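Asks: The structure file input_0.csv (CSV, N, CA and C atoms) is provided below.
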chain,number,residue,atom,x,y,z
P,1476,MET,N,39.8,-16.0,10.9
P,1476,MET,CA,38.5,-15.7,10.4
P,1476,MET,C,37.9,-16.9,9.8
P,1477,ALA,N,36.6,-17.1,9.9
P,1477,ALA,CA,35.9,-18.3,9.3
P,1477,ALA,C,36.0,-18.3,7.8
P,1478,ASN,N,35.8,-19.5,7.3
P,1478,ASN,CA,35.9,-19.7,5.9
P,1478,ASN,C,34.6,-19.1,5.3
P,1479,THR,N,34.7,-18.2,4.4
P,1479,THR,CA,33.6,-17.5,3.8
P,1479,THR,C,33.6,-17.5,2.3
P,1480,SER,N,32.5,-17.2,1.6
P,1480,SER,CA,32.5,-17.1,0.2
P,1480,SER,C,31.8,-15.7,-0.2
P,1481,LEU,N,32.1,-15.3,-1.4
P,1481,LEU,CA,31.6,-14.0,-1.8
P,1481,LEU,C,30.2,-14.1,-2.5
P,1482,LEU,N,29.3,-13.3,-2.1
P,1482,LEU,CA,28.0,-13.3,-2.7
P,1482,LEU,C,27.8,-11.9,-3.3
P,1483,GLN,N,27.5,-11.9,-4.6
P,1483,GLN,CA,27.3,-10.6,-5.3
P,1483,GLN,C,25.8,-10.5,-5.6
P,1484,VAL,N,25.3,-9.3,-5.4
P,1484,VAL,CA,23.9,-9.0,-5.6
P,1484,VAL,C,23.7,-7.8,-6.4
P,1485,ARG,N,22.9,-7.8,-7.5
P,1485,ARG,CA,22.6,-6.6,-8.3
P,1485,ARG,C,21.5,-5.9,-7.6
P,1486,THR,N,21.7,-4.6,-7.4
P,1486,THR,CA,20.7,-3.8,-6.7
P,1486,THR,C,20.8,-2.3,-7.2
P,1487,ASP,N,19.8,-1.6,-7.0
P,1487,ASP,CA,19.8,-0.1,-7.4
P,1487,ASP,C,20.8,0.6,-6.4
P,1488,PRO,N,21.7,1.3,-7.0
P,1488,PRO,CA,22.7,2.0,-6.1
P,1488,PRO,C,22.1,2.9,-5.1
P,1489,ALA,N,21.0,3.6,-5.4
P,1489,ALA,CA,20.4,4.5,-4.4
P,1489,ALA,C,19.8,3.7,-3.3
P,1490,ASP,N,19.2,2.5,-3.6
P,1490,ASP,CA,18.6,1.7,-2.6
P,1490,ASP,C,19.7,1.2,-1.7
P,1491,ARG,N,20.9,0.8,-2.2
P,1491,ARG,CA,22.0,0.3,-1.5
P,1491,ARG,C,22.5,1.4,-0.5
P,1492,GLU,N,22.6,2.6,-1.0
P,1492,GLU,CA,23.1,3.7,-0.1
P,1492,GLU,C,22.2,4.0,1.0
P,1493,LYS,N,20.9,4.0,0.7
P,1493,LYS,CA,19.9,4.3,1.7
P,1493,LYS,C,19.9,3.2,2.8
P,1494,ALA,N,19.9,2.0,2.3
P,1494,ALA,CA,19.9,0.9,3.3
P,1494,ALA,C,21.1,0.9,4.1
P,1495,ALA,N,22.3,1.1,3.5
P,1495,ALA,CA,23.5,1.2,4.2
P,1495,ALA,C,23.5,2.2,5.3
P,1496,ALA,N,23.0,3.4,5.0
P,1496,ALA,CA,22.9,4.5,5.9
P,1496,ALA,C,22.0,4.1,7.1
P,1497,ILE,N,20.9,3.5,6.8
P,1497,ILE,CA,20.0,3.1,7.9
P,1497,ILE,C,20.6,2.1,8.8
P,1498,LEU,N,21.2,1.1,8.1
P,1498,LEU,CA,21.9,0.0,8.9
P,1498,LEU,C,23.0,0.5,9.8
P,1499,GLU,N,23.8,1.5,9.2
P,1499,GLU,CA,24.9,2.1,10.0
P,1499,GLU,C,24.4,2.8,11.2
P,1500,SER,N,23.2,3.5,11.1
P,1500,SER,CA,22.6,4.1,12.3
P,1500,SER,C,22.1,3.1,13.3
P,1501,LEU,N,21.9,1.9,12.8
P,1501,LEU,CA,21.5,0.8,13.7
P,1501,LEU,C,22.7,0.0,14.3
P,1502,GLY,N,23.9,0.4,13.9
P,1502,GLY,CA,25.1,-0.2,14.4
P,1502,GLY,C,25.4,-1.5,13.7
P,1503,THR,N,25.0,-1.7,12.4
P,1503,THR,CA,25.3,-2.9,11.7
P,1503,THR,C,25.6,-2.5,10.2
P,1504,ASN,N,25.7,-3.5,9.3
P,1504,ASN,CA,26.0,-3.2,7.9
P,1504,ASN,C,25.3,-4.2,7.0
P,1505,LEU,N,25.3,-3.9,5.7
P,1505,LEU,CA,24.6,-4.8,4.7
P,1505,LEU,C,25.1,-6.2,4.8
P,1506,SER,N,26.4,-6.5,5.0
P,1506,SER,CA,26.9,-7.8,5.0
P,1506,SER,C,26.4,-8.6,6.2
P,1507,ALA,N,26.3,-8.0,7.4
P,1507,ALA,CA,25.8,-8.6,8.5
P,1507,ALA,C,24.3,-8.9,8.4
P,1508,VAL,N,23.5,-8.0,7.8
P,1508,VAL,CA,22.1,-8.2,7.6
P,1508,VAL,C,21.8,-9.3,6.6
P,1509,VAL,N,22.6,-9.3,5.5
P,1509,VAL,CA,22.5,-10.4,4.5
P,1509,VAL,C,22.8,-11.8,5.2
P,1510,ASN,N,23.8,-11.8,6.0
P,1510,ASN,CA,24.1,-13.1,6.7
P,1510,ASN,C,23.0,-13.5,7.7
P,1511,MET,N,22.4,-12.5,8.4
P,1511,MET,CA,21.2,-12.8,9.2
P,1511,MET,C,20.0,-13.3,8.4
P,1512,LEU,N,19.8,-12.7,7.3
P,1512,LEU,CA,18.7,-13.2,6.4
P,1512,LEU,C,19.0,-14.6,6.0
P,1513,LEU,N,20.2,-14.9,5.5
P,1513,LEU,CA,20.5,-16.3,5.1
P,1513,LEU,C,20.3,-17.3,6.3
P,1514,LYS,N,20.7,-16.9,7.5
P,1514,LYS,CA,20.5,-17.8,8.6
P,1514,LYS,C,19.1,-18.0,8.9
P,1515,GLN,N,18.3,-17.0,8.8
P,1515,GLN,CA,16.8,-17.1,9.1
P,1515,GLN,C,16.2,-18.0,8.0
P,1516,ILE,N,16.6,-17.9,6.8
P,1516,ILE,CA,16.1,-18.8,5.7
P,1516,ILE,C,16.4,-20.2,6.1
P,1517,ILE,N,17.6,-20.5,6.5
P,1517,ILE,CA,18.0,-21.8,6.9
P,1517,ILE,C,17.2,-22.3,8.1
P,1518,ILE,N,17.1,-21.5,9.1
P,1518,ILE,CA,16.4,-21.9,10.4
P,1518,ILE,C,14.9,-22.1,10.1
P,1519,THR,N,14.2,-21.2,9.4
P,1519,THR,CA,12.8,-21.3,9.2
P,1519,THR,C,12.4,-22.1,7.9
P,1520,GLU,N,13.4,-22.4,7.1
P,1520,GLU,CA,13.1,-23.0,5.8
P,1520,GLU,C,12.1,-22.3,5.0
P,1521,SER,N,12.1,-21.0,5.1
P,1521,SER,CA,11.2,-20.1,4.4
P,1521,SER,C,11.8,-18.7,4.2
P,1522,ILE,N,11.1,-17.9,3.5
P,1522,ILE,CA,11.4,-16.5,3.5
P,1522,ILE,C,10.9,-15.9,4.8
P,1523,PRO,N,11.8,-15.2,5.6
P,1523,PRO,CA,11.4,-14.8,6.9
P,1523,PRO,C,10.5,-13.5,7.0
P,1524,PHE,N,9.8,-13.2,6.0
P,1524,PHE,CA,8.9,-12.2,5.9
P,1524,PHE,C,7.8,-12.5,4.9
P,1525,GLU,N,6.7,-11.9,5.0
P,1525,GLU,CA,5.6,-12.2,4.1
P,1525,GLU,C,5.8,-11.7,2.7
P,1526,VAL,N,5.6,-12.6,1.7
P,1526,VAL,CA,5.7,-12.3,0.3
P,1526,VAL,C,4.4,-12.7,-0.3
P,1527,LYS,N,3.6,-11.8,-0.8
P,1527,LYS,CA,2.3,-12.2,-1.4
P,1527,LYS,C,1.8,-11.2,-2.4
P,1528,LEU,N,0.9,-11.7,-3.2
P,1528,LEU,CA,0.2,-10.8,-4.2
P,1528,LEU,C,-0.9,-10.2,-3.4
P,1529,ASN,N,-1.3,-9.0,-3.7
P,1529,ASN,CA,-2.3,-8.3,-3.0
P,1529,ASN,C,-3.6,-8.5,-3.8
P,1530,HIS,N,-4.4,-9.6,-3.4
P,1530,HIS,CA,-5.7,-9.9,-4.0
P,1530,HIS,C,-6.7,-9.2,-3.2
P,1531,PRO,N,-7.6,-8.5,-3.8
P,1531,PRO,CA,-8.7,-7.8,-3.0
P,1531,PRO,C,-9.6,-8.9,-2.4
P,1532,ALA,N,-10.2,-8.6,-1.2
P,1532,ALA,CA,-11.1,-9.5,-0.5
P,1532,ALA,C,-12.4,-9.6,-1.3
P,1533,TYR,N,-12.8,-8.6,-2.0
P,1533,TYR,CA,-14.1,-8.6,-2.7
P,1533,TYR,C,-13.8,-8.3,-4.2
P,1534,THR,N,-14.7,-8.8,-5.1
P,1534,THR,CA,-14.7,-8.3,-6.4
P,1534,THR,C,-15.4,-6.9,-6.4
P,1535,MET,N,-15.3,-6.2,-7.4
P,1535,MET,CA,-15.9,-4.8,-7.4
P,1535,MET,C,-17.4,-4.9,-7.2
P,1536,GLU,N,-18.0,-5.9,-7.9
P,1536,GLU,CA,-19.5,-6.0,-7.7
P,1536,GLU,C,-19.8,-6.4,-6.3
P,1537,GLN,N,-19.1,-7.3,-5.7
P,1537,GLN,CA,-19.3,-7.6,-4.3
P,1537,GLN,C,-19.1,-6.4,-3.4
P,1538,GLY,N,-18.1,-5.6,-3.6
P,1538,GLY,CA,-17.9,-4.4,-2.8
P,1538,GLY,C,-19.0,-3.4,-2.9
P,1539,ILE,N,-19.5,-3.3,-4.2
P,1539,ILE,CA,-20.7,-2.3,-4.3
P,1539,ILE,C,-21.9,-2.9,-3.6
P,1540,ARG,N,-22.2,-4.2,-3.7
P,1540,ARG,CA,-23.3,-4.7,-3.0
P,1540,ARG,C,-23.2,-4.6,-1.5
P,1541,GLU,N,-22.0,-4.8,-1.0
P,1541,GLU,CA,-21.7,-4.6,0.4
P,1541,GLU,C,-21.9,-3.2,0.9
P,1542,THR,N,-21.4,-2.3,0.1
P,1542,THR,CA,-21.5,-0.8,0.4
P,1542,THR,C,-23.0,-0.4,0.3
P,1543,ARG,N,-23.7,-0.9,-0.7
P,1543,ARG,CA,-25.1,-0.6,-0.9
P,1543,ARG,C,-25.9,-1.1,0.3
P,1544,ALA,N,-25.6,-2.3,0.8
P,1544,ALA,CA,-26.3,-2.9,1.9
P,1544,ALA,C,-26.0,-2.2,3.2
P,1545,THR,N,-24.8,-1.8,3.4
P,1545,THR,CA,-24.4,-1.0,4.6
P,1545,THR,C,-25.1,0.3,4.6
P,1546,LEU,N,-25.1,1.0,3.5
P,1546,LEU,CA,-25.8,2.3,3.5
P,1546,LEU,C,-27.3,2.1,3.7
P,1547,ALA,N,-27.9,1.1,3.1
P,1547,ALA,CA,-29.3,0.8,3.2
P,1547,ALA,C,-29.7,0.6,4.7
P,1548,MET,N,-28.9,0.0,5.5
P,1548,MET,CA,-29.1,-0.2,6.9
P,1548,MET,C,-29.3,1.2,7.6
P,1549,GLU,N,-28.6,2.2,7.1
P,1549,GLU,CA,-28.7,3.5,7.6
P,1549,GLU,C,-29.7,4.4,7.0
P,1550,GLY,N,-30.5,3.8,6.1
P,1550,GLY,CA,-31.5,4.6,5.3
P,1550,GLY,C,-31.0,5.4,4.2
P,1551,MET,N,-29.8,5.1,3.7
P,1551,MET,CA,-29.2,5.9,2.7
P,1551,MET,C,-29.1,5.0,1.4
P,1552,ASN,N,-28.9,5.7,0.3
P,1552,ASN,CA,-28.8,5.0,-1.0
P,1552,ASN,C,-27.5,5.3,-1.6
P,1553,LEU,N,-27.0,4.3,-2.4
P,1553,LEU,CA,-25.7,4.5,-3.2
P,1553,LEU,C,-26.1,4.9,-4.6
P,1554,THR,N,-25.7,6.1,-5.0
P,1554,THR,CA,-26.1,6.7,-6.3
P,1554,THR,C,-25.2,6.1,-7.4
P,1555,ASP,N,-25.6,6.3,-8.6
P,1555,ASP,CA,-24.8,5.9,-9.8
P,1555,ASP,C,-23.5,6.7,-9.8
P,1556,GLU,N,-23.5,7.9,-9.4
P,1556,GLU,CA,-22.3,8.8,-9.4
P,1556,GLU,C,-21.3,8.2,-8.3
P,1557,GLU,N,-21.8,7.8,-7.2
P,1557,GLU,CA,-21.0,7.2,-6.2
P,1557,GLU,C,-20.4,5.9,-6.6
P,1558,ILE,N,-21.2,5.1,-7.3
P,1558,ILE,CA,-20.7,3.8,-7.9
P,1558,ILE,C,-19.6,4.1,-8.9
P,1559,GLN,N,-19.8,5.1,-9.7
P,1559,GLN,CA,-18.7,5.5,-10.6
P,1559,GLN,C,-17.4,5.9,-9.9
P,1560,MET,N,-17.6,6.7,-8.8
P,1560,MET,CA,-16.4,7.1,-8.0
P,1560,MET,C,-15.7,5.9,-7.5
P,1561,LEU,N,-16.4,4.9,-7.0
P,1561,LEU,CA,-15.8,3.7,-6.4
P,1561,LEU,C,-15.1,2.9,-7.6
P,1562,THR,N,-15.8,2.8,-8.7
P,1562,THR,CA,-15.2,2.1,-9.9
P,1562,THR,C,-13.9,2.8,-10.3
P,1563,ASP,N,-13.9,4.1,-10.4
P,1563,ASP,CA,-12.7,4.9,-10.8
P,1563,ASP,C,-11.6,4.7,-9.8
P,1564,TYR,N,-11.9,4.7,-8.5
P,1564,TYR,CA,-10.9,4.4,-7.5
P,1564,TYR,C,-10.3,3.0,-7.6
P,1565,ASN,N,-11.2,2.1,-7.8
P,1565,ASN,CA,-10.8,0.7,-7.9
P,1565,ASN,C,-9.9,0.5,-9.2
P,1566,ASN,N,-10.2,1.2,-10.3
P,1566,ASN,CA,-9.4,1.1,-11.5
P,1566,ASN,C,-8.2,2.0,-11.5
P,1567,LYS,N,-8.0,2.7,-10.4
P,1567,LYS,CA,-6.8,3.6,-10.2
P,1567,LYS,C,-6.9,4.8,-11.2
P,1568,LYS,N,-8.1,5.2,-11.5
P,1568,LYS,CA,-8.3,6.4,-12.4
P,1568,LYS,C,-8.3,7.7,-11.5
P,1569,VAL,N,-8.5,7.5,-10.2
P,1569,VAL,CA,-8.5,8.6,-9.3
P,1569,VAL,C,-7.9,8.1,-8.0
P,1570,SER,N,-7.1,8.9,-7.3
P,1570,SER,CA,-6.4,8.5,-6.1
P,1570,SER,C,-7.4,8.7,-4.9
P,1571,GLY,N,-7.0,8.1,-3.8
P,1571,GLY,CA,-7.8,8.3,-2.6
P,1571,GLY,C,-7.9,9.8,-2.2
P,1572,ASP,N,-6.8,10.5,-2.3
P,1572,ASP,CA,-6.8,11.9,-2.0
P,1572,ASP,C,-7.7,12.7,-2.9
P,1573,GLU,N,-7.6,12.4,-4.2
P,1573,GLU,CA,-8.4,13.1,-5.2
P,1573,GLU,C,-9.9,12.9,-4.9
P,1574,LEU,N,-10.2,11.6,-4.6
P,1574,LEU,CA,-11.6,11.2,-4.3
P,1574,LEU,C,-12.1,11.9,-3.1
P,1575,ARG,N,-11.3,12.0,-2.0
P,1575,ARG,CA,-11.6,12.7,-0.8
P,1575,ARG,C,-11.9,14.2,-1.1
P,1576,ARG,N,-11.1,14.8,-1.9
P,1576,ARG,CA,-11.3,16.2,-2.2
P,1576,ARG,C,-12.6,16.4,-3.0
P,1577,MET,N,-12.9,15.5,-3.9
P,1577,MET,CA,-14.2,15.6,-4.6
P,1577,MET,C,-15.4,15.4,-3.7
P,1578,ILE,N,-15.3,14.5,-2.8
P,1578,ILE,CA,-16.4,14.3,-1.8
P,1578,ILE,C,-16.6,15.5,-0.9
P,1579,ILE,N,-15.5,16.0,-0.4
P,1579,ILE,CA,-15.6,17.2,0.5
P,1579,ILE,C,-16.1,18.4,-0.3
P,1580,ALA,N,-15.6,18.6,-1.5
P,1580,ALA,CA,-16.1,19.7,-2.4
P,1580,ALA,C,-17.6,19.6,-2.6
P,1581,SER,N,-18.1,18.4,-2.9
P,1581,SER,CA,-19.5,18.1,-3.1
P,1581,SER,C,-20.3,18.4,-1.9
P,1582,ALA,N,-19.8,18.0,-0.7
P,1582,ALA,CA,-20.5,18.3,0.5
P,1582,ALA,C,-20.5,19.8,0.9
P,1583,ASN,N,-19.5,20.5,0.5
P,1583,ASN,CA,-19.4,21.9,0.8
P,1583,ASN,C,-20.0,22.8,-0.3
P,1584,GLY,N,-20.4,22.2,-1.4
P,1584,GLY,CA,-21.0,22.9,-2.5
P,1584,GLY,C,-20.0,23.7,-3.4
P,1585,THR,N,-18.7,23.3,-3.3
P,1585,THR,CA,-17.6,23.9,-4.1
P,1585,THR,C,-17.2,23.0,-5.2
P,1586,GLY,N,-16.4,23.5,-6.1
P,1586,GLY,CA,-15.9,22.7,-7.2
P,1586,GLY,C,-14.7,21.9,-6.7
P,1587,PRO,N,-14.4,20.7,-7.4
P,1587,PRO,CA,-13.3,19.9,-6.9
P,1587,PRO,C,-12.0,20.5,-6.9
P,1588,ASP,N,-11.8,21.6,-7.7
P,1588,ASP,CA,-10.5,22.2,-7.8
P,1588,ASP,C,-10.4,23.4,-6.9
P,1589,GLU,N,-11.5,23.8,-6.3
P,1589,GLU,CA,-11.5,24.9,-5.4
P,1589,GLU,C,-11.0,24.4,-4.0
P,1590,PRO,N,-10.3,25.3,-3.2
P,1590,PRO,CA,-10.0,24.9,-1.9
P,1590,PRO,C,-11.2,24.6,-1.0
P,1591,ALA,N,-11.3,23.5,-0.4
P,1591,ALA,CA,-12.4,23.1,0.5
P,1591,ALA,C,-12.0,22.8,1.9
P,1592,GLU,N,-12.7,23.3,2.8
P,1592,GLU,CA,-12.3,23.0,4.2
P,1592,GLU,C,-12.8,21.6,4.5
P,1593,ASP,N,-12.1,20.9,5.4
P,1593,ASP,CA,-12.5,19.5,5.8
P,1593,ASP,C,-13.8,19.6,6.6
P,1594,LEU,N,-14.6,18.6,6.5
P,1594,LEU,CA,-15.8,18.5,7.3
P,1594,LEU,C,-15.5,18.3,8.7
Could I get this structure in the form of C-alpha cells?

Replies:
Amino acid sequence: MANTSLLQVRTDPADREKAAAILESLGTNLSAVVNMLLKQIIITESIPFEVKLNHPAYTMEQGIRETRATLAMEGMNLTDEEIQMLTDYNNKKVSGDELRRMIIASANGTGPDEPAEDL
C-alpha cells in the first residue's frame, strides 16, 4: 500500500451519513472522493467548483426601473403596491410562494389565505 497520511475533517454527522450513503450507491466512498478532490485542487491549482457570493445583478432601484420600463412597453403601470411586494420579496419578508399566492388571489378576487386556483 502507498505511503499515506491521515486527514481529519470536522463535519456534521448527518451530512457525513447522507454523503456516505450517496457515494456508496455510486460505488465509491468518502475517502476516495476526498482524494479525488485533493488531486483536482493540485491539477487545477484552484477549487474545482465555483465558490462565490451571490451578488444581485441589479440594485433594488435598478430592478424597479427595469420592471417599470418593461411594463410600460406593454402599456402597463407598476403600482406602489407592486413595488412594495417587490421590496418585501427582495428583503425576504415574503417568499416567492407567498407572493405568488397573493398575486393569484388578487387576480381571482379572493383573499390571500383563501384557496385560489392557478391562472

Asks: Just list as a list in words whatever in range 1534-1567 of chain P DSSP marks as helix (DSSP H, G or I).

Replies: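 Taking range 1534-1567 of chain P and keeping helix (DSSP H, G or I) only, one gets Met1535, Glu1536, Gln1537, Gly1538, Ile1539, Arg1540, Glu1541, Thr1542, Arg1543, Ala1544, Thr1545, Leu1546, Ala1547, Met1548, Asp1555, Glu1556, Glu1557, Ile1558, Gln1559, Met1560, Leu1561, Thr1562, Asp1563, Tyr1564 and Asn1565 of chain P.
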
Asks: Do you have the CA of Ile1522 in chain P-atom C of Glu1492 in chain P distance handy?

Replies: 23.3 Å

Asks: Nearest to Met1535 in chain P among P:Asn1583, P:Ser1480, P:Thr1562, P:Thr1503, with distances taken over all atoms listed in the file: which residue is it?

Replies: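 The closest residue to Met1535 in chain P is P:Thr1562.
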